[in-house]
file model_1.cif (mmCIF, C-alpha atoms)
data_target
loop_
_atom_site.label_atom_id
_atom_site.label_comp_id
_atom_site.auth_asym_id
_atom_site.auth_seq_id
_atom_site.Cartn_x
_atom_site.Cartn_y
_atom_site.Cartn_z
CA MET A 15 -87.84 69.07 156.84
CA ILE A 16 -85.07 66.74 157.96
CA ILE A 17 -84.37 63.12 157.01
CA VAL A 18 -81.96 61.08 159.13
CA ARG A 19 -80.72 57.55 158.61
CA SER A 20 -79.07 55.28 161.20
CA PRO A 21 -77.49 51.91 160.45
CA LEU A 22 -78.52 48.50 161.67
CA ARG A 23 -75.87 46.45 163.42
CA VAL A 24 -74.44 42.94 163.60
CA SER A 25 -73.18 41.96 167.04
CA PHE A 26 -70.46 39.31 167.14
CA PHE A 27 -69.51 38.81 170.80
CA GLY A 28 -70.41 40.00 174.29
CA GLY A 29 -74.19 40.32 173.97
CA GLY A 30 -75.82 40.31 177.41
CA THR A 31 -72.87 41.92 179.16
CA ASP A 32 -74.06 45.29 177.82
CA HIS A 33 -77.08 45.20 180.12
CA PRO A 34 -76.96 47.41 183.24
CA THR A 35 -78.17 44.51 185.37
CA TRP A 36 -74.83 42.87 184.52
CA PHE A 37 -72.25 45.66 184.40
CA ASN A 38 -73.65 47.45 187.47
CA ARG A 39 -72.86 44.43 189.69
CA PRO A 40 -70.12 45.39 188.78
CA GLU A 41 -68.97 42.84 186.22
CA PRO A 42 -66.94 43.78 183.12
CA GLY A 43 -69.09 44.27 180.05
CA ALA A 44 -68.09 44.65 176.40
CA VAL A 45 -69.28 43.85 172.90
CA LEU A 46 -67.65 43.51 169.50
CA SER A 47 -69.97 44.63 166.72
CA THR A 48 -70.22 46.33 163.35
CA THR A 49 -72.84 48.44 161.68
CA ILE A 50 -73.97 47.42 158.19
CA ASN A 51 -75.22 49.17 155.06
CA LYS A 52 -78.88 48.62 155.94
CA TYR A 53 -80.65 51.57 157.49
CA ILE A 54 -83.58 53.00 159.41
CA TYR A 55 -84.87 56.29 157.97
CA VAL A 56 -86.85 58.93 159.86
CA GLN A 57 -88.37 61.94 158.12
CA LEU A 58 -89.54 64.73 160.38
CA ARG A 59 -91.08 68.12 159.74
CA ARG A 60 -93.16 70.61 161.64
CA LEU A 61 -96.83 70.57 160.76
CA PRO A 62 -98.66 73.83 160.06
CA ALA A 63 -101.76 74.52 162.11
CA VAL A 64 -104.14 73.92 159.20
CA PHE A 65 -105.10 70.30 159.75
CA ASP A 66 -107.65 68.79 162.11
CA PHE A 67 -104.77 66.91 163.79
CA ASN A 68 -101.43 68.04 165.24
CA TYR A 69 -99.36 64.87 164.85
CA ARG A 70 -99.06 62.49 161.93
CA VAL A 71 -96.98 59.35 162.51
CA ALA A 72 -96.53 56.84 159.69
CA TRP A 73 -95.00 53.50 160.63
CA GLY A 74 -96.78 50.13 160.59
CA MET A 75 -99.95 52.19 160.79
CA LEU A 76 -100.91 55.79 160.07
CA GLU A 77 -101.73 57.90 163.10
CA GLU A 78 -103.32 61.35 162.92
CA VAL A 79 -104.01 62.65 166.41
CA ARG A 80 -104.43 65.97 168.18
CA CYS A 81 -102.32 65.48 171.32
CA MET A 82 -99.11 63.65 172.17
CA ASN A 83 -100.72 61.27 174.63
CA GLU A 84 -102.86 59.85 171.81
CA ILE A 85 -99.79 58.74 169.81
CA CYS A 86 -99.53 54.95 169.80
CA HIS A 87 -95.88 54.67 168.78
CA PRO A 88 -94.16 54.60 172.18
CA VAL A 89 -90.81 56.10 171.11
CA VAL A 90 -92.38 58.98 169.18
CA ARG A 91 -94.80 59.72 172.01
CA GLU A 92 -92.20 59.71 174.78
CA VAL A 93 -89.56 61.64 172.83
CA LEU A 94 -92.00 64.43 171.94
CA LYS A 95 -93.37 64.55 175.48
CA HIS A 96 -89.96 64.62 177.17
CA TYR A 97 -87.99 66.86 174.82
CA GLY A 98 -90.78 68.92 173.29
CA ALA A 99 -91.48 72.57 173.95
CA ALA A 100 -94.79 74.08 175.01
CA ASP A 101 -95.08 76.04 171.76
CA ASP A 102 -94.63 73.03 169.45
CA SER A 103 -97.30 73.23 166.78
CA GLY A 104 -97.05 69.55 165.88
CA TYR A 105 -94.94 67.18 163.83
CA GLU A 106 -95.06 64.65 161.06
CA VAL A 107 -92.84 61.60 161.56
CA ILE A 108 -92.42 59.05 158.76
CA TYR A 109 -90.56 55.76 159.30
CA ASN A 110 -88.92 53.62 156.64
CA ALA A 111 -86.52 50.70 156.92
CA ASP A 112 -84.37 48.54 154.67
CA LEU A 113 -85.15 45.39 156.71
CA PRO A 114 -87.99 44.26 159.03
CA SER A 115 -88.05 45.28 162.68
CA GLN A 116 -87.78 42.85 165.62
CA THR A 117 -85.24 40.73 163.76
CA GLY A 118 -82.10 41.10 165.90
CA LEU A 119 -80.41 43.96 164.04
CA GLY A 120 -81.02 46.72 166.58
CA SER A 121 -83.73 48.43 164.53
CA SER A 122 -85.62 49.76 167.55
CA SER A 123 -82.57 51.58 168.85
CA ALA A 124 -81.65 52.77 165.35
CA PHE A 125 -85.12 54.31 165.14
CA THR A 126 -84.71 55.99 168.53
CA VAL A 127 -81.33 57.42 167.53
CA SER A 128 -82.74 58.61 164.19
CA LEU A 129 -85.75 60.27 165.79
CA LEU A 130 -83.63 62.09 168.38
CA HIS A 131 -81.14 63.15 165.70
CA ALA A 132 -83.96 64.45 163.50
CA TYR A 133 -85.81 66.18 166.33
CA PHE A 134 -82.74 67.93 167.71
CA GLY A 135 -81.62 68.81 164.18
CA ASN A 136 -85.01 70.31 163.40
CA LEU A 137 -84.49 72.58 166.40
CA GLY A 138 -81.09 73.59 165.03
CA ARG A 139 -79.17 71.70 167.72
CA LEU A 140 -75.92 69.97 166.77
CA SER A 141 -75.84 66.71 168.72
CA PRO A 142 -72.56 64.74 168.98
CA LYS A 143 -72.87 61.01 168.47
CA HIS A 144 -72.11 60.14 172.08
CA VAL A 145 -74.96 62.44 173.18
CA LEU A 146 -77.41 60.78 170.79
CA ALA A 147 -76.36 57.35 172.08
CA ARG A 148 -76.72 58.43 175.71
CA GLU A 149 -80.15 59.99 175.14
CA ALA A 150 -81.40 56.96 173.19
CA ILE A 151 -80.39 54.70 176.09
CA PHE A 152 -82.26 57.04 178.46
CA VAL A 153 -85.39 56.96 176.30
CA GLU A 154 -85.51 53.17 176.06
CA GLN A 155 -84.41 52.24 179.57
CA GLU A 156 -85.87 55.08 181.64
CA LEU A 157 -88.82 56.54 179.74
CA LEU A 158 -90.06 53.30 178.17
CA LYS A 159 -88.78 50.97 180.94
CA GLU A 160 -87.68 48.39 178.39
CA THR A 161 -85.38 45.51 179.29
CA VAL A 162 -82.69 46.40 176.78
CA GLY A 163 -78.93 46.69 176.83
CA CYS A 164 -76.79 49.60 175.70
CA GLN A 165 -74.91 48.34 172.65
CA ASP A 166 -77.52 48.96 169.94
CA GLN A 167 -77.95 52.67 170.62
CA ILE A 168 -74.18 53.23 170.69
CA ALA A 169 -73.59 51.26 167.49
CA ALA A 170 -76.34 53.09 165.60
CA ALA A 171 -75.01 56.46 166.69
CA HIS A 172 -71.28 55.89 166.10
CA GLY A 173 -71.19 53.36 163.25
CA GLY A 174 -68.24 51.21 162.33
CA LEU A 175 -66.50 48.05 163.56
CA ASN A 176 -65.96 48.67 167.28
CA ARG A 177 -65.24 47.25 170.67
CA ILE A 178 -67.59 48.93 173.16
CA ASP A 179 -66.81 48.67 176.88
CA PHE A 180 -69.36 49.33 179.64
CA SER A 181 -68.71 50.55 183.16
CA PRO A 182 -70.89 50.74 186.30
CA GLY A 183 -73.26 53.66 186.10
CA GLY A 184 -73.63 53.41 182.34
CA ASP A 185 -70.38 54.98 181.15
CA HIS A 186 -69.07 53.46 177.94
CA ARG A 187 -66.05 53.68 175.67
CA VAL A 188 -66.08 53.11 171.91
CA ARG A 189 -62.84 51.86 170.44
CA PRO A 190 -62.64 51.28 166.66
CA VAL A 191 -61.16 47.95 165.60
CA ASN A 192 -58.71 48.82 162.85
CA ILE A 193 -58.05 46.17 160.22
CA THR A 194 -56.59 46.41 156.73
CA PRO A 195 -58.93 46.92 153.78
CA ALA A 196 -58.02 43.48 152.43
CA ARG A 197 -58.81 41.78 155.75
CA ARG A 198 -62.02 43.74 156.05
CA ALA A 199 -63.09 42.61 152.56
CA LEU A 200 -62.30 38.99 153.44
CA LEU A 201 -64.36 39.26 156.62
CA GLU A 202 -67.29 40.71 154.67
CA ASP A 203 -67.00 37.96 152.06
CA SER A 204 -67.08 35.35 154.85
CA LEU A 205 -70.27 36.59 156.51
CA MET A 206 -73.67 35.48 155.25
CA MET A 207 -76.98 36.61 156.72
CA PHE A 208 -80.30 34.80 156.33
CA PHE A 209 -83.80 35.84 157.39
CA THR A 210 -85.53 33.05 159.27
CA GLY A 211 -88.93 34.37 158.23
CA PHE A 212 -90.31 35.26 161.63
CA THR A 213 -89.88 38.05 164.14
CA ARG A 214 -89.96 38.07 167.93
CA SER A 215 -90.28 40.37 170.93
CA ALA A 216 -86.74 41.13 172.05
CA ASP A 217 -88.00 42.65 175.30
CA ALA A 218 -89.79 39.45 176.31
CA ILE A 219 -86.72 37.31 175.62
CA GLU A 220 -84.37 39.75 177.35
CA LYS A 221 -86.51 39.68 180.48
CA LYS A 222 -86.14 35.91 180.67
CA LYS A 223 -82.39 36.10 180.15
CA VAL A 224 -81.82 38.91 182.64
CA ALA A 225 -83.85 37.06 185.28
CA ARG A 226 -81.33 34.21 185.03
CA PHE A 227 -78.13 36.27 185.17
CA ASP A 228 -77.38 35.00 188.69
CA ASP A 229 -77.38 31.44 187.38
CA ARG A 230 -75.43 32.24 184.23
CA THR A 231 -72.39 34.10 185.57
CA ARG A 232 -69.93 31.63 184.07
CA GLU A 233 -71.48 31.84 180.61
CA LEU A 234 -71.61 35.65 180.63
CA ARG A 235 -68.00 35.94 181.77
CA ALA A 236 -67.01 33.57 178.97
CA MET A 237 -68.95 35.70 176.46
CA TYR A 238 -67.16 38.81 177.73
CA ASP A 239 -63.76 37.12 177.31
CA MET A 240 -64.63 36.28 173.70
CA VAL A 241 -64.73 40.00 172.86
CA ALA A 242 -60.99 40.30 173.44
CA GLU A 243 -60.34 37.05 171.60
CA GLY A 244 -62.43 38.12 168.61
CA GLU A 245 -60.63 41.47 168.51
CA ARG A 246 -57.27 39.71 168.68
CA ILE A 247 -58.15 37.47 165.73
CA LEU A 248 -59.31 40.40 163.60
CA THR A 249 -56.31 42.61 164.29
CA ASN A 250 -53.61 39.94 163.99
CA PRO A 251 -52.75 39.62 160.28
CA ASN A 252 -51.00 36.31 160.95
CA CYS A 253 -54.13 34.74 162.43
CA PRO A 254 -56.46 33.05 159.92
CA LEU A 255 -59.95 34.56 159.89
CA THR A 256 -61.38 31.05 160.07
CA GLU A 257 -60.63 31.26 163.81
CA PHE A 258 -63.20 34.05 163.98
CA GLY A 259 -65.83 31.71 162.58
CA ARG A 260 -64.96 28.95 165.07
CA LEU A 261 -65.16 31.47 167.91
CA LEU A 262 -68.63 32.50 166.72
CA HIS A 263 -69.71 28.87 167.03
CA HIS A 264 -68.37 28.70 170.58
CA ALA A 265 -70.17 31.96 171.46
CA TRP A 266 -73.46 30.65 170.07
CA MET A 267 -73.18 27.49 172.16
CA GLU A 268 -72.72 29.64 175.27
CA LYS A 269 -75.55 32.03 174.36
CA ARG A 270 -77.99 29.15 173.93
CA LYS A 271 -77.43 28.28 177.59
CA LEU A 272 -78.79 31.64 178.80
CA ASP A 273 -82.42 30.63 178.25
CA ALA A 274 -84.41 28.11 176.23
CA SER A 275 -86.13 30.97 174.35
CA VAL A 276 -82.86 31.96 172.66
CA SER A 277 -83.27 29.26 170.01
CA ASN A 278 -85.76 26.64 168.80
CA PRO A 279 -85.65 23.39 166.79
CA THR A 280 -86.21 25.16 163.46
CA ILE A 281 -83.29 27.53 164.02
CA ASP A 282 -81.10 24.72 165.32
CA GLY A 283 -81.87 22.70 162.21
CA CYS A 284 -80.90 25.57 159.89
CA TYR A 285 -77.73 26.21 161.85
CA GLU A 286 -76.61 22.60 161.67
CA ALA A 287 -77.47 22.40 157.96
CA ALA A 288 -75.22 25.40 157.32
CA ARG A 289 -72.41 23.84 159.35
CA LYS A 290 -72.65 20.59 157.41
CA ALA A 291 -72.46 22.60 154.18
CA GLY A 292 -69.19 24.27 155.21
CA ALA A 293 -70.02 27.13 157.60
CA LEU A 294 -67.62 27.28 160.53
CA GLY A 295 -69.92 29.02 162.99
CA GLY A 296 -72.56 31.66 163.42
CA LYS A 297 -75.31 32.92 165.65
CA LEU A 298 -78.85 34.16 165.76
CA LEU A 299 -78.57 37.92 165.92
CA GLY A 300 -80.00 39.98 168.76
CA ALA A 301 -81.87 38.56 171.72
CA GLY A 302 -82.67 35.30 169.93
CA GLY A 303 -85.85 33.43 169.15
CA GLY A 304 -86.06 34.51 165.50
CA GLY A 305 -84.93 37.16 163.07
CA PHE A 306 -81.62 36.95 161.21
CA LEU A 307 -79.16 34.09 161.28
CA LEU A 308 -75.53 35.09 160.72
CA MET A 309 -73.08 32.47 159.45
CA PHE A 310 -69.32 32.60 158.96
CA VAL A 311 -68.68 30.82 155.66
CA PRO A 312 -65.32 30.48 153.89
CA PRO A 313 -65.80 31.93 150.38
CA GLU A 314 -65.34 28.52 148.74
CA ALA A 315 -68.34 27.14 150.70
CA ARG A 316 -70.79 29.97 149.98
CA ALA A 317 -72.61 28.14 147.19
CA SER A 318 -73.07 25.03 149.33
CA VAL A 319 -74.44 27.02 152.26
CA LEU A 320 -76.80 28.94 149.97
CA SER A 321 -78.14 25.63 148.73
CA ALA A 322 -78.45 24.18 152.24
CA LEU A 323 -80.41 27.23 153.44
CA SER A 324 -82.45 27.75 150.29
CA SER A 325 -85.64 27.85 152.38
CA LEU A 326 -84.41 31.08 154.01
CA THR A 327 -83.96 34.52 152.47
CA PHE A 328 -80.31 35.43 151.89
CA VAL A 329 -79.59 39.13 152.55
CA PRO A 330 -76.16 40.36 151.34
CA PHE A 331 -74.61 43.22 153.27
CA ARG A 332 -71.38 45.14 153.73
CA MET A 333 -69.98 46.89 156.78
CA GLU A 334 -70.38 50.67 157.16
CA HIS A 335 -68.63 53.30 159.27
CA ASP A 336 -70.73 56.50 159.17
CA GLY A 337 -73.25 55.89 161.93
CA THR A 338 -76.27 58.16 162.17
CA SER A 339 -76.25 60.91 159.57
CA VAL A 340 -78.46 63.58 158.05
CA VAL A 341 -79.62 62.69 154.54
CA LEU A 342 -81.65 65.85 153.90
CA TYR A 343 -81.98 69.10 155.79
CA ASN A 344 -84.15 71.81 154.28
CA PRO A 345 -84.82 74.65 156.73
CA ASP A 346 -87.06 76.36 154.16
CA LEU A 347 -89.70 73.68 154.62
CA THR A 348 -90.89 75.13 157.91
CA SER A 349 -94.41 75.43 159.22
CA ASN A 350 -94.51 79.11 158.18
CA TYR A 351 -93.57 78.21 154.60
CA LEU A 352 -96.05 75.35 154.53
CA THR A 353 -98.82 77.49 155.99
CA SER A 354 -98.22 80.14 153.33
CA ALA A 355 -98.17 77.52 150.60
CA ALA A 356 -101.41 76.05 151.89
CA ARG A 357 -103.06 79.44 151.81
CA VAL A 358 -101.93 80.07 148.24
CA SER A 359 -103.19 76.70 147.07
#

call {"tool": "encode", "arguments": {"input": "model_1.cif", "output": "structure tokens"}}
result
Amino acid sequence: MIIVRSPLRVSFFGGGTDHPTWFNRPEPGAVLSTTINKYIYVQLRRLPAVFDFNYRVAWGMLEEVRCMNEICHPVVREVLKHYGAADDSGYEVIYNADLPSQTGLGSSSAFTVSLLHAYFGNLGRLSPKHVLAREAIFVEQELLKETVGCQDQIAAAHGGLNRIDFSPGGDHRVRPVNITPARRALLEDSLMMFFTGFTRSADAIEKKKVARFDDRTRELRAMYDMVAEGERILTNPNCPLTEFGRLLHHAWMEKRKLDASVSNPTIDGCYEAARKAGALGGKLLGAGGGGFLLMFVPPEARASVLSALSSLTFVPFRMEHDGTSVVLYNPDLTSNYLTSAARVS
């Protein structure tokens, strides 16, 4: 048995420029993001050949099926089909998460990274983080044909506060953004995250945005430039962090221009209420349309913003730096052991 966890992420700047449709033009692509201490967990073990099914997958539903093609969960099905061996006896995959999926935190990619990490680990293969990121991108973009970028998979695999640059052909470079512990704590204390109460299909929204890339070149170039500016603010100890919050506001105004589906009147109302209460800026995380609203709030205004957004669920978080990691690995819990135990019982 193996249990793997991978972190969710908060993306600050550059979203959209991590999509191959953009950086393969070629146009420069980069994002500034951090992973947070909220996780996706995947438990995987081989199943003994004693059940009337070969695969058990527990997620939003419980699946017990005999062959891979009958698995409904698309990531589990395609990973097992593509990477599996002919002599696989079957697997149990159990999914758990700290926060809801389809909410702009990269949970789908964190699941893909976790599943690959667990599957390769169960086979005794040591997989470097850059390999897990690359394979997760392949699964989502090539096997599943989803309209997704590349930042979420890389963030979940590597962890930490990073600038990630993208090159034509899909090459990427991860560069940690080093800030002092005191500045890091102040940044964490200035970020507030609220659940809007509804989820959305990121793939559907991304398709609309990507279709309009030709008409949104100026906005995307501006969003790319904000990555360097955000990094400069964070790493310059003489620059007040409040500038980071104001830059987030500017980035959100640009992102809203990509497509009407990015926001809606309810989200706009919450955003403006937070700003009137003292927030300097923020954004809807992920593709847009719903999920989590991130606000940059000076510590002295936190109480006012909490009151202004009392209709939403406040979710505290801290930044993390581990990336995907193995929580439990017990090679004794193999199918042979389980088969013997079943016979004894």

call {"tool": "residues_around", "arguments": {"input": "model_1.cif", "residues": "A:Asn192", "least_positions_apart": "4", "cutoff": "12 Å", "atoms": "all atoms listed in the file", "output": "short mmCIF file (atom, residue, chain, number, x, y, z; two decimals) with C-alpha atoms, in the coordinates of the input"}}
result
data_model
loop_
_atom_site.label_atom_id
_atom_site.label_comp_id
_atom_site.auth_asym_id
_atom_site.auth_seq_id
_atom_site.Cartn_x
_atom_site.Cartn_y
_atom_site.Cartn_z
CA THR A 48 -70.22 46.33 163.35
CA GLY A 174 -68.24 51.21 162.33
CA LEU A 175 -66.50 48.05 163.56
CA ASN A 176 -65.96 48.67 167.28
CA ARG A 177 -65.24 47.25 170.67
CA ALA A 196 -58.02 43.48 152.43
CA ARG A 197 -58.81 41.78 155.75
CA ARG A 198 -62.02 43.74 156.05
CA GLU A 245 -60.63 41.47 168.51
CA ARG A 246 -57.27 39.71 168.68
CA ILE A 247 -58.15 37.47 165.73
CA LEU A 248 -59.31 40.40 163.60
CA THR A 249 -56.31 42.61 164.29
CA ASN A 250 -53.61 39.94 163.99
CA PRO A 251 -52.75 39.62 160.28
CA HIS A 335 -68.63 53.30 159.27
#

call {"tool": "closest_residue", "arguments": {"input": "model_1.cif", "among": "A:Tyr285, A:Trp73, A:Tyr55, A:Phe152", "to": "A:His131", "atoms": "all atoms listed in the file"}}
result
A:Tyr55

call {"tool": "resolve_selection", "arguments": {"input": "model_1.cif", "expression": "the PyMOL selection byres ((chain A and resi 63-70) around 8)", "output": "PyMOL selection string"}}
result
chain A and resi 61-62+71-72+76-82+85+103-107+349+353

call {"tool": "closest_residue", "arguments": {"input": "model_1.cif", "among": "A:Phe227, A:Phe180, A:Phe125, A:Phe306", "to": "A:Pro42", "atoms": "only C-alpha atoms"}}
result
A:Phe180

call {"tool": "atom_distance", "arguments": {"input": "model_1.cif", "atom1": "atom CA of A:Met75", "atom2": "atom CA of A:Leu22"}}
result
21.8 Å

call {"tool": "residues_around", "arguments": {"input": "model_1.cif", "residues": "stretch 24-26 of chain A", "least_positions_apart": "4", "cutoff": "7 Å", "atoms": "only C-alpha atoms", "output": "ChimeraX atom specification"}}
result
/A:46-49,119,299

call {"tool": "write_last_selection", "arguments": {"input": "model_1.cif", "atoms": "C-alpha atoms", "output": "PDB file, in the frame of the given file"}}
result
ATOM      1  CA  LEU A  46     -67.650  43.510 169.500  1.00  0.00           C
ATOM      2  CA  SER A  47     -69.970  44.630 166.720  1.00  0.00           C
ATOM      3  CA  THR A  48     -70.220  46.330 163.350  1.00  0.00           C
ATOM      4  CA  THR A  49     -72.840  48.440 161.680  1.00  0.00           C
ATOM      5  CA  LEU A 119     -80.410  43.960 164.040  1.00  0.00           C
ATOM      6  CA  LEU A 299     -78.570  37.920 165.920  1.00  0.00           C
TER       7      LEU A 299
END

call {"tool": "closest_residue", "arguments": {"input": "model_1.cif", "among": "A:Trp266, A:Tyr133, A:Tyr109, A:Phe208", "to": "A:Phe331", "atoms": "only C-alpha atoms"}}
result
A:Phe208

call {"tool": "resolve_selection", "arguments": {"input": "model_1.cif", "expression": "the PyMOL selection byres ((chain A and resi 320-328) around 9)", "output": "list in words"}}
result
Met206, Met207, Phe208, Phe209, Thr210, Gly211, Cys284, Tyr285, Ala287, Ala288, Lys290, Ala291, Ala315, Arg316, Ala317, Ser318, Val319, Val329 and Pro330 of chain A

call {"tool": "resolve_selection", "arguments": {"input": "model_1.cif", "expression": "the PyMOL selection byres ((chain A and resi 121) around 9)", "output": "list in words"}}
result
Ser20, Pro21, Leu22, Arg23, Tyr53, Ile54, Ala111, Leu113, Pro114, Ser115, Gln116, Thr117, Gly118, Leu119, Gly120, Ser122, Ser123, Ala124, Phe125, Thr126, Asp166 and Ala170 of chain A

call {"tool": "atom_distance", "arguments": {"input": "model_1.cif", "atom1": "atom CA of A:Arg260", "atom2": "atom CA of A:Thr280"}}
result
21.6 Å

call {"tool": "axis_aligned_box", "arguments": {"input": "model_1.cif", "around": "stretch 327-345 of chain A", "padding_each_side": "5 Å", "output": "lines of an AutoDock Vina configuration file"}}
result
center_x = -76.7
center_y = 54.6
center_z = 156.8
size_x = 26.2
size_y = 50.1
size_z = 20.8

call {"tool": "atom_distance", "arguments": {"input": "model_1.cif", "atom1": "atom CA of A:Met309", "atom2": "atom CA of A:Ser275"}}
result
19.9 Å

call {"tool": "closest_residue", "arguments": {"input": "model_1.cif", "among": "A:Ala169, A:Val145, A:Val127, A:Ala132", "to": "A:Val340", "atoms": "only C-alpha atoms"}}
result
A:Ala132

call {"tool": "closest_residue", "arguments": {"input": "model_1.cif", "among": "A:Thr35, A:Ala265, A:Gly283, A:Gln165", "to": "A:Asp239", "atoms": "all atoms listed in the file"}}
result
A:Ala265

call {"tool": "closest_residue", "arguments": {"input": "model_1.cif", "among": "A:Ile193, A:Leu130, A:Leu200, A:Cys164", "to": "A:Gly29", "atoms": "all atoms listed in the file"}}
result
A:Cys164

call {"tool": "residues_around", "arguments": {"input": "model_1.cif", "residues": "A:Gly30", "least_positions_apart": "6", "cutoff": "8 Å", "atoms": "all atoms listed in the file", "output": "list in words"}}
result
Trp36, Gly163 and Leu234 of chain A

call {"tool": "residues_around", "arguments": {"input": "model_1.cif", "residues": "A:Ala44", "least_positions_apart": "3", "cutoff": "6 Å", "atoms": "all atoms listed in the file", "output": "list in words"}}
result
Gly28, Ile178, Asp179 and Phe180 of chain A

call {"tool": "write_last_selection", "arguments": {"input": "model_1.cif", "atoms": "C-alpha atoms", "output": "JSON list (two decimals), in the coordinates of the input"}}
result
[["chain", "number", "residue", "atom", "x", "y", "z"],
["A", 28, "GLY", "CA", -70.41, 40.00, 174.29],
["A", 178, "ILE", "CA", -67.59, 48.93, 173.16],
["A", 179, "ASP", "CA", -66.81, 48.67, 176.88],
["A", 180, "PHE", "CA", -69.36, 49.33, 179.64]]
